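Below is one structure, written out as structure tokens, with a few remarks after it.
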Amino acid sequence: MTTGAKRDYYEVLGVSRTAGQDEIKKAFRRLARQYHPDVNKEETAEARFKEINEAYEVLSDEQKRAMYDRFGHQMPGGGMGGFDPYAAGDPFSTIFDAFFSGSMGGQRTQRGPQRGADLRYNLSLTFEEAIFGVEKEIEFRRLELCGSCHGNGAEPGTDPVRCPKCGGSGELRQRAPLFNMVTVTTCDNCGGTGQVIPIPCRTCNGEGRVRQTRNITVKVPAGVDGNSQIRISGEGETGPRGGPHGNLYVALDVQPHQYFVREGNDVIYELRLNVAQAALGDEVDVPTVDGNERLRIPPGTQTGQTFRIRHKGVPFLRQSGRGDQIVVSRVMVPSKLNEQQRRLFQELARALDPEDTNEERDDGFFGRIKDAFGL
């Protein structure tokens, strides 16, 4: 590119003077990709690339563009040498930096790497898995660092460049006439990073991250319940611009059991007894989470009466020991009777007459009842 008079910025980007911001941005990206020094090895490529950046820095800013449309390259602040997009800020910006940015030299803080988002995974467990603990292999998708560009978003062989709109500061500053107040906003062109990507990575489209499937093993401790969740540090999404990973939260969903109910660290089981078992007593096998246990049912057991089987409940989290199994009796009254059973119940009704105190007769009757129910 020959030296001499500065070319018209609209001509540099190849857009009309009425072009909108989207059209200007597209033109800049196309030309920057074409003349980026890492891609274009011609001698004039670097100078052309700087010219494109300078034009875009002015035309992408509405205030600078308005000044350029009115005064051309002799716009105020440009001097005889033309407008310098990377010139130092005015004294008011320097004072603002000194008090609010912690920098006496007017340096601006760019937005650095950010922590990645946390993820949630719902893990279903059986009743027994929640009680005894289990290891589960889970699969989920998350954003991970792009392997092609290593997170910077630029096509391999190229690099991000300083944002022409904010001069690499990541901030846009405007001074209001009243009290010379300075307002600071995040640069809408680079998102506060201070850099733009002329040639985005084709693998991640300039994002710097790609969504991938990940498999890990989750260790579920014994004694968890449906209100529990497990935090796995660093298994969330990787952060923008190479930031650290977020966390993965595994929310546990414990499925109900066919006949056990959990109450804290105790397990509740309803034991159904027929009237003969309740009246005469019995010994029965009661299921527990560890297998069957022999339980003695005393004579005269009523509905709602409870029996405790020690240490057959849920393990305590973060401490030794287990809860108990509570067996709750429920006396079942038969809804249908055969002739023999009906006759025996009729005899029972007479035998239970309050005026009848013949214990020998009662014992004989209850013996026949037990035989009738196969006990």
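For the structure tokens, the naming scheme is as follows: chains receive sequential letters (A, B, ...) according to their order of presentation, residues are indexed from 1 within each chain, and ligands are indexed from 1 in presentation order.
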Taking only residues of segment 207-272 of chain A that have an atom at most 6 Å from an atom of segment 315-325 of chain A, what is each one's shortest atom pair and its distance in Å to one decimal, using only C-alpha atoms, in chain and number order, as a Markdown table?
```
| residue | atom | partner | partner_atom | distance |
| --- | --- | --- | --- | --- |
| A:Gly223 | CA | A:Pro315 | CA | 5.0 |
| A:Asn265 | CA | A:Gly323 | CA | 4.8 |
| A:Asp266 | CA | A:Gly323 | CA | 4.8 |
| A:Val267 | CA | A:Gln325 | CA | 4.6 |
| A:Ile268 | CA | A:Gln325 | CA | 5.8 |
```
Non-local contacts of Val275 of chain A (9 Å; only C-alpha atoms; under 6 positions in same chain excluded) as number ranges by chain
A: 331-334
Do a neighbour search on Asn152 of chain A at 8 Å with only C-alpha atoms, toss out local chain neighbours closer than 3 positions, and write the hits as a PDB file with N, CA and C atoms, in the first residue's frame.
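Just written: out-v6.pdb:
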```
ATOM      1  N   CYS A 149      -8.050 -24.233  19.209  1.00  0.00           N
ATOM      2  CA  CYS A 149      -7.520 -22.890  19.487  1.00  0.00           C
ATOM      3  C   CYS A 149      -7.049 -22.738  20.921  1.00  0.00           C
ATOM      4  N   ASP A 159      -3.974 -14.951  15.830  1.00  0.00           N
ATOM      5  CA  ASP A 159      -4.152 -14.532  17.218  1.00  0.00           C
ATOM      6  C   ASP A 159      -5.232 -13.465  17.297  1.00  0.00           C
ATOM      7  N   PRO A 160      -5.867 -13.326  18.455  1.00  0.00           N
ATOM      8  CA  PRO A 160      -6.755 -12.189  18.664  1.00  0.00           C
ATOM      9  C   PRO A 160      -5.957 -10.888  18.574  1.00  0.00           C
ATOM     10  N   GLY A 206     -15.124 -19.398  17.273  1.00  0.00           N
ATOM     11  CA  GLY A 206     -14.642 -18.243  18.031  1.00  0.00           C
ATOM     12  C   GLY A 206     -15.021 -18.230  19.490  1.00  0.00           C
ATOM     13  N   GLU A 207     -15.789 -19.217  19.940  1.00  0.00           N
ATOM     14  CA  GLU A 207     -16.238 -19.258  21.329  1.00  0.00           C
ATOM     15  C   GLU A 207     -15.103 -19.645  22.269  1.00  0.00           C
ATOM     16  N   GLY A 208     -14.176 -20.454  21.798  1.00  0.00           N
ATOM     17  CA  GLY A 208     -13.091 -20.933  22.657  1.00  0.00           C
ATOM     18  C   GLY A 208     -13.466 -22.173  23.446  1.00  0.00           C
ATOM     19  N   ARG A 241     -12.724 -17.728  28.090  1.00  0.00           N
ATOM     20  CA  ARG A 241     -11.352 -17.216  28.015  1.00  0.00           C
ATOM     21  C   ARG A 241     -10.398 -17.991  28.929  1.00  0.00           C
ATOM     22  N   GLY A 242     -10.606 -19.297  28.988  1.00  0.00           N
ATOM     23  CA  GLY A 242      -9.696 -20.141  29.766  1.00  0.00           C
ATOM     24  C   GLY A 242      -9.937 -20.100  31.256  1.00  0.00           C
TER      25      GLY A 242
END
```
Quote the spacing between atom CA of Ser329 of chain A and atom CA of Asp290 of chain A in Å to one decimal place.
20.1 Å
Would you list, as number ranges by chain, the residues of segment 96-302 of chain A that end up in strand (DSSP E or B) under DSSP run on this structure's backbone?
A: 119-125, 134-145, 154, 161-162, 171-175, 182-186, 195-196, 200, 209-220, 229-232, 248-254, 260-263, 266-274, 282-288, 291-297
Just-selected residues, C-alpha atoms written as a PDB file, in the first residue's frame:
```
ATOM      1  CA  LEU A 119     -24.142 -28.028  36.218  1.00  0.00           C
ATOM      2  CA  ARG A 120     -26.880 -30.188  37.746  1.00  0.00           C
ATOM      3  CA  TYR A 121     -27.391 -33.905  37.139  1.00  0.00           C
ATOM      4  CA  ASN A 122     -30.392 -35.883  38.449  1.00  0.00           C
ATOM      5  CA  LEU A 123     -29.376 -39.378  39.592  1.00  0.00           C
ATOM      6  CA  SER A 124     -32.020 -41.997  40.352  1.00  0.00           C
ATOM      7  CA  LEU A 125     -31.309 -44.534  43.136  1.00  0.00           C
ATOM      8  CA  VAL A 134     -23.229 -47.271  45.532  1.00  0.00           C
ATOM      9  CA  GLU A 135     -20.898 -46.173  42.756  1.00  0.00           C
ATOM     10  CA  LYS A 136     -22.665 -44.963  39.622  1.00  0.00           C
ATOM     11  CA  GLU A 137     -21.243 -44.154  36.207  1.00  0.00           C
ATOM     12  CA  ILE A 138     -22.920 -41.041  34.801  1.00  0.00           C
ATOM     13  CA  GLU A 139     -22.716 -39.334  31.414  1.00  0.00           C
ATOM     14  CA  PHE A 140     -23.378 -35.648  30.780  1.00  0.00           C
ATOM     15  CA  ARG A 141     -22.435 -32.881  28.353  1.00  0.00           C
ATOM     16  CA  ARG A 142     -20.504 -29.756  29.234  1.00  0.00           C
ATOM     17  CA  LEU A 143     -18.537 -26.934  27.594  1.00  0.00           C
ATOM     18  CA  GLU A 144     -14.823 -27.732  27.493  1.00  0.00           C
ATOM     19  CA  LEU A 145     -11.760 -25.917  26.207  1.00  0.00           C
ATOM     20  CA  ALA A 154      -8.792 -17.652  16.994  1.00  0.00           C
ATOM     21  CA  VAL A 161      -5.991  -8.493  18.126  1.00  0.00           C
ATOM     22  CA  ARG A 162      -6.512  -5.407  20.211  1.00  0.00           C
ATOM     23  CA  GLU A 171     -14.220  -0.198  28.443  1.00  0.00           C
ATOM     24  CA  LEU A 172     -15.961   2.707  26.727  1.00  0.00           C
ATOM     25  CA  ARG A 173     -15.744   6.064  28.489  1.00  0.00           C
ATOM     26  CA  GLN A 174     -17.862   9.112  27.847  1.00  0.00           C
ATOM     27  CA  ARG A 175     -17.622  12.513  29.526  1.00  0.00           C
ATOM     28  CA  VAL A 182     -17.174  10.302  33.219  1.00  0.00           C
ATOM     29  CA  THR A 183     -19.316   7.238  32.581  1.00  0.00           C
ATOM     30  CA  VAL A 184     -17.722   3.842  31.983  1.00  0.00           C
ATOM     31  CA  THR A 185     -19.431   0.957  30.184  1.00  0.00           C
ATOM     32  CA  THR A 186     -18.213  -2.412  28.974  1.00  0.00           C
ATOM     33  CA  GLN A 195      -9.540  -8.162  22.094  1.00  0.00           C
ATOM     34  CA  VAL A 196     -11.412  -9.126  18.953  1.00  0.00           C
ATOM     35  CA  PRO A 200     -12.588 -17.165  14.404  1.00  0.00           C
ATOM     36  CA  ARG A 209     -15.220 -23.762  24.058  1.00  0.00           C
ATOM     37  CA  VAL A 210     -16.975 -26.780  22.583  1.00  0.00           C
ATOM     38  CA  ARG A 211     -19.691 -29.000  24.046  1.00  0.00           C
ATOM     39  CA  GLN A 212     -18.483 -32.526  24.695  1.00  0.00           C
ATOM     40  CA  THR A 213     -19.712 -35.675  26.435  1.00  0.00           C
ATOM     41  CA  ARG A 214     -18.046 -36.625  29.712  1.00  0.00           C
ATOM     42  CA  ASN A 215     -18.270 -39.813  31.792  1.00  0.00           C
ATOM     43  CA  ILE A 216     -17.354 -39.947  35.474  1.00  0.00           C
ATOM     44  CA  THR A 217     -17.981 -42.258  38.451  1.00  0.00           C
ATOM     45  CA  VAL A 218     -20.021 -40.841  41.322  1.00  0.00           C
ATOM     46  CA  LYS A 219     -19.554 -42.353  44.783  1.00  0.00           C
ATOM     47  CA  VAL A 220     -22.850 -42.227  46.676  1.00  0.00           C
ATOM     48  CA  GLN A 229     -27.050 -33.656  46.564  1.00  0.00           C
ATOM     49  CA  ILE A 230     -23.381 -34.361  45.950  1.00  0.00           C
ATOM     50  CA  ARG A 231     -21.026 -31.567  44.884  1.00  0.00           C
ATOM     51  CA  ILE A 232     -18.171 -32.610  42.607  1.00  0.00           C
ATOM     52  CA  LEU A 248     -21.239 -30.402  39.159  1.00  0.00           C
ATOM     53  CA  TYR A 249     -24.140 -30.940  41.548  1.00  0.00           C
ATOM     54  CA  VAL A 250     -25.617 -34.453  41.512  1.00  0.00           C
ATOM     55  CA  ALA A 251     -29.184 -34.327  42.863  1.00  0.00           C
ATOM     56  CA  LEU A 252     -30.350 -37.682  44.247  1.00  0.00           C
ATOM     57  CA  ASP A 253     -33.818 -39.083  43.570  1.00  0.00           C
ATOM     58  CA  VAL A 254     -34.561 -42.169  45.704  1.00  0.00           C
ATOM     59  CA  PHE A 260     -40.507 -50.243  53.202  1.00  0.00           C
ATOM     60  CA  VAL A 261     -40.918 -46.595  54.183  1.00  0.00           C
ATOM     61  CA  ARG A 262     -38.063 -44.490  55.491  1.00  0.00           C
ATOM     62  CA  GLU A 263     -38.532 -42.245  58.527  1.00  0.00           C
ATOM     63  CA  ASP A 266     -35.513 -45.820  60.744  1.00  0.00           C
ATOM     64  CA  VAL A 267     -37.248 -48.122  58.280  1.00  0.00           C
ATOM     65  CA  ILE A 268     -40.992 -48.690  58.735  1.00  0.00           C
ATOM     66  CA  TYR A 269     -42.598 -51.986  57.764  1.00  0.00           C
ATOM     67  CA  GLU A 270     -46.295 -52.844  58.049  1.00  0.00           C
ATOM     68  CA  LEU A 271     -46.867 -56.442  59.182  1.00  0.00           C
ATOM     69  CA  ARG A 272     -50.279 -57.825  58.296  1.00  0.00           C
ATOM     70  CA  LEU A 273     -51.705 -60.365  60.768  1.00  0.00           C
ATOM     71  CA  ASN A 274     -54.926 -62.319  60.622  1.00  0.00           C
ATOM     72  CA  ASP A 282     -47.143 -66.322  66.506  1.00  0.00           C
ATOM     73  CA  GLU A 283     -43.586 -66.313  65.224  1.00  0.00           C
ATOM     74  CA  VAL A 284     -43.164 -64.897  61.710  1.00  0.00           C
ATOM     75  CA  ASP A 285     -40.379 -64.044  59.255  1.00  0.00           C
ATOM     76  CA  VAL A 286     -40.193 -60.282  58.746  1.00  0.00           C
ATOM     77  CA  PRO A 287     -38.295 -58.887  55.730  1.00  0.00           C
ATOM     78  CA  THR A 288     -35.593 -56.291  56.403  1.00  0.00           C
ATOM     79  CA  GLY A 291     -32.835 -60.202  54.767  1.00  0.00           C
ATOM     80  CA  ASN A 292     -35.509 -61.964  56.837  1.00  0.00           C
ATOM     81  CA  GLU A 293     -35.574 -61.704  60.631  1.00  0.00           C
ATOM     82  CA  ARG A 294     -37.585 -63.932  62.991  1.00  0.00           C
ATOM     83  CA  LEU A 295     -40.068 -61.921  65.062  1.00  0.00           C
ATOM     84  CA  ARG A 296     -42.250 -63.137  67.939  1.00  0.00           C
ATOM     85  CA  ILE A 297     -45.808 -61.757  67.932  1.00  0.00           C
TER      86      ILE A 297
END
```
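Proximity to Gly281 of chain A was assessed for A:Gly300, A:Gln255, A:Glu339, A:Asp225 counting only C-alpha atoms; the smallest distance is recorded for A:Gly300.
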Quick one: everything within 9 Å of segment 32-43 of chain A, counting only C-alpha atoms, minus sequence neighbours fewer than 2 positions away in the same chain. Send it as a list in words.
Met1, Ala27, Phe28, Arg29, Arg30, Ala45, Glu46, Ala47, Arg48, Phe49, Ile52, Asn53, Gly157, Thr158, Asp159, Ile197, Pro198, Ile199 and Pro200 of chain A
Take the residues from that selection and put them in a file with all heavy atoms, as a compact mmCIF listing (two decimals), in the first residue's frame.
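Now in part-v8.txt:
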```txt
# COMPACT_ATOMS: atom_id res chain seq x y z
N MET A 1 0.85 -1.19 0.00
CA MET A 1 0.00 0.00 0.00
C MET A 1 0.89 1.24 0.00
O MET A 1 1.78 1.36 0.82
CB MET A 1 -0.91 0.01 1.25
CG MET A 1 -1.89 1.17 1.27
SD MET A 1 -2.94 1.09 2.76
CE MET A 1 -1.74 1.43 4.02
N ALA A 27 -18.02 -6.23 7.31
CA ALA A 27 -16.95 -5.83 6.39
C ALA A 27 -15.59 -5.87 7.09
O ALA A 27 -14.59 -6.33 6.53
CB ALA A 27 -17.23 -4.43 5.86
N PHE A 28 -15.56 -5.41 8.34
CA PHE A 28 -14.31 -5.44 9.10
C PHE A 28 -13.83 -6.88 9.29
O PHE A 28 -12.65 -7.18 9.07
CB PHE A 28 -14.52 -4.77 10.45
CG PHE A 28 -13.42 -5.06 11.44
CD1 PHE A 28 -12.16 -4.50 11.29
CD2 PHE A 28 -13.65 -5.92 12.51
CE1 PHE A 28 -11.15 -4.78 12.19
CE2 PHE A 28 -12.65 -6.20 13.41
CZ PHE A 28 -11.39 -5.64 13.25
N ARG A 29 -14.72 -7.78 9.68
CA ARG A 29 -14.32 -9.16 9.91
C ARG A 29 -13.79 -9.81 8.62
O ARG A 29 -12.80 -10.54 8.64
CB ARG A 29 -15.50 -9.96 10.45
CG ARG A 29 -15.85 -9.63 11.89
CD ARG A 29 -16.99 -10.50 12.38
NE ARG A 29 -17.31 -10.25 13.77
CZ ARG A 29 -16.73 -10.85 14.80
NH1 ARG A 29 -15.78 -11.74 14.57
NH2 ARG A 29 -17.08 -10.56 16.03
N ARG A 30 -14.46 -9.53 7.51
CA ARG A 30 -14.04 -10.12 6.24
C ARG A 30 -12.65 -9.62 5.82
O ARG A 30 -11.77 -10.40 5.45
CB ARG A 30 -15.07 -9.77 5.15
CG ARG A 30 -14.68 -10.21 3.75
CD ARG A 30 -15.79 -9.90 2.76
NE ARG A 30 -16.17 -8.51 2.81
CZ ARG A 30 -15.50 -7.52 2.19
NH1 ARG A 30 -14.40 -7.79 1.49
NH2 ARG A 30 -15.93 -6.27 2.27
N ALA A 45 0.50 -6.31 3.77
CA ALA A 45 -0.63 -6.83 4.55
C ALA A 45 -0.73 -6.18 5.93
O ALA A 45 -1.81 -5.81 6.38
CB ALA A 45 -0.50 -8.35 4.70
N GLU A 46 0.41 -6.01 6.60
CA GLU A 46 0.38 -5.44 7.95
C GLU A 46 -0.14 -4.01 7.94
O GLU A 46 -0.98 -3.63 8.78
CB GLU A 46 1.77 -5.50 8.58
CG GLU A 46 1.80 -5.01 10.02
CD GLU A 46 3.15 -5.19 10.68
OE1 GLU A 46 4.05 -5.79 10.03
OE2 GLU A 46 3.31 -4.73 11.83
N ALA A 47 0.34 -3.20 6.98
CA ALA A 47 -0.13 -1.82 6.89
C ALA A 47 -1.61 -1.77 6.54
O ALA A 47 -2.36 -0.95 7.08
CB ALA A 47 0.69 -1.06 5.84
N ARG A 48 -2.03 -2.66 5.65
CA ARG A 48 -3.45 -2.71 5.28
C ARG A 48 -4.30 -3.13 6.47
O ARG A 48 -5.38 -2.59 6.70
CB ARG A 48 -3.62 -3.73 4.15
CG ARG A 48 -5.05 -3.81 3.60
CD ARG A 48 -5.34 -2.67 2.64
NE ARG A 48 -6.59 -2.91 1.94
CZ ARG A 48 -7.78 -2.48 2.37
NH1 ARG A 48 -7.86 -1.78 3.51
NH2 ARG A 48 -8.87 -2.72 1.69
N PHE A 49 -3.78 -4.06 7.26
CA PHE A 49 -4.52 -4.52 8.44
C PHE A 49 -4.69 -3.39 9.45
O PHE A 49 -5.76 -3.21 10.04
CB PHE A 49 -3.77 -5.69 9.06
CG PHE A 49 -4.49 -6.34 10.21
CD1 PHE A 49 -5.58 -7.16 9.99
CD2 PHE A 49 -4.08 -6.14 11.52
CE1 PHE A 49 -6.25 -7.76 11.04
CE2 PHE A 49 -4.74 -6.73 12.58
CZ PHE A 49 -5.83 -7.55 12.33
N ILE A 52 -7.34 -1.00 8.23
CA ILE A 52 -8.70 -1.54 8.42
C ILE A 52 -9.13 -1.38 9.88
O ILE A 52 -10.26 -0.98 10.17
CB ILE A 52 -8.70 -3.03 8.01
CG1 ILE A 52 -8.49 -3.16 6.51
CG2 ILE A 52 -10.00 -3.71 8.42
CD1 ILE A 52 -8.16 -4.58 6.07
N ASN A 53 -8.22 -1.65 10.82
CA ASN A 53 -8.54 -1.49 12.24
C ASN A 53 -8.85 -0.04 12.58
O ASN A 53 -9.77 0.26 13.33
CB ASN A 53 -7.37 -1.99 13.09
CG ASN A 53 -7.47 -3.47 13.39
OD1 ASN A 53 -8.17 -3.88 14.31
ND2 ASN A 53 -6.78 -4.26 12.60
N GLY A 157 -2.84 -20.60 14.07
CA GLY A 157 -1.95 -19.83 13.21
C GLY A 157 -2.22 -18.35 13.24
O GLY A 157 -1.43 -17.56 12.71
N THR A 158 -3.34 -17.95 13.88
CA THR A 158 -3.66 -16.53 14.03
C THR A 158 -3.85 -16.24 15.51
O THR A 158 -3.89 -17.13 16.34
CB THR A 158 -4.94 -16.16 13.26
OG1 THR A 158 -6.08 -16.76 13.91
CG2 THR A 158 -4.87 -16.65 11.81
N ASP A 159 -3.97 -14.95 15.83
CA ASP A 159 -4.15 -14.53 17.22
C ASP A 159 -5.23 -13.47 17.30
O ASP A 159 -5.49 -12.75 16.32
CB ASP A 159 -2.85 -13.95 17.79
CG ASP A 159 -1.76 -14.99 17.90
OD1 ASP A 159 -1.99 -15.99 18.62
OD2 ASP A 159 -0.70 -14.81 17.27
N ILE A 197 -11.50 -11.04 17.52
CA ILE A 197 -10.95 -12.19 16.78
C ILE A 197 -11.26 -12.01 15.30
O ILE A 197 -12.38 -12.27 14.86
CB ILE A 197 -11.56 -13.49 17.31
CG1 ILE A 197 -11.31 -13.62 18.82
CG2 ILE A 197 -11.01 -14.70 16.58
CD1 ILE A 197 -12.05 -14.75 19.48
N PRO A 198 -10.29 -11.55 14.53
CA PRO A 198 -10.55 -11.36 13.10
C PRO A 198 -10.88 -12.67 12.37
O PRO A 198 -11.70 -12.70 11.47
CB PRO A 198 -9.24 -10.76 12.59
CG PRO A 198 -8.54 -10.24 13.78
CD PRO A 198 -8.95 -11.12 14.91
N ILE A 199 -10.20 -13.76 12.76
CA ILE A 199 -10.42 -15.05 12.09
C ILE A 199 -10.83 -16.06 13.15
O ILE A 199 -9.98 -16.67 13.82
CB ILE A 199 -9.14 -15.51 11.36
CG1 ILE A 199 -8.63 -14.42 10.43
CG2 ILE A 199 -9.42 -16.80 10.58
CD1 ILE A 199 -7.35 -14.77 9.72
N PRO A 200 -12.14 -16.24 13.37
CA PRO A 200 -12.59 -17.17 14.40
C PRO A 200 -12.20 -18.60 14.10
O PRO A 200 -12.11 -19.02 12.95
CB PRO A 200 -14.12 -17.00 14.38
CG PRO A 200 -14.37 -15.70 13.70
CD PRO A 200 -13.26 -15.55 12.71
```
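Here atom CA of Cys201 of chain A stands at a distance of 10.3 Å from atom CA of Gly147 of chain A.
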Contact residues around Gln114 of chain A with only C-alpha atoms at 10 Å, ignoring same-chain residues under 5 positions, as a VMD selection string
chain A and resid 238 to 246
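Across A:Gln340, A:Glu237, A:Ala351, A:Leu280, the tightest approach to Arg115 of chain A is made by A:Glu237 when counting only C-alpha atoms.
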If you run DSSP on the backbone here, which positions in segment 96-236 of chain A get alpha helix (DSSP H)? Please write them as a VMD selection string.
chain A and resid 96 to 100 127 to 132
Could you tell me how far atom CA of Glu155 of chain A lies from atom CA of Gly234 of chain A, in Å and to one decimal?
27.2 Å
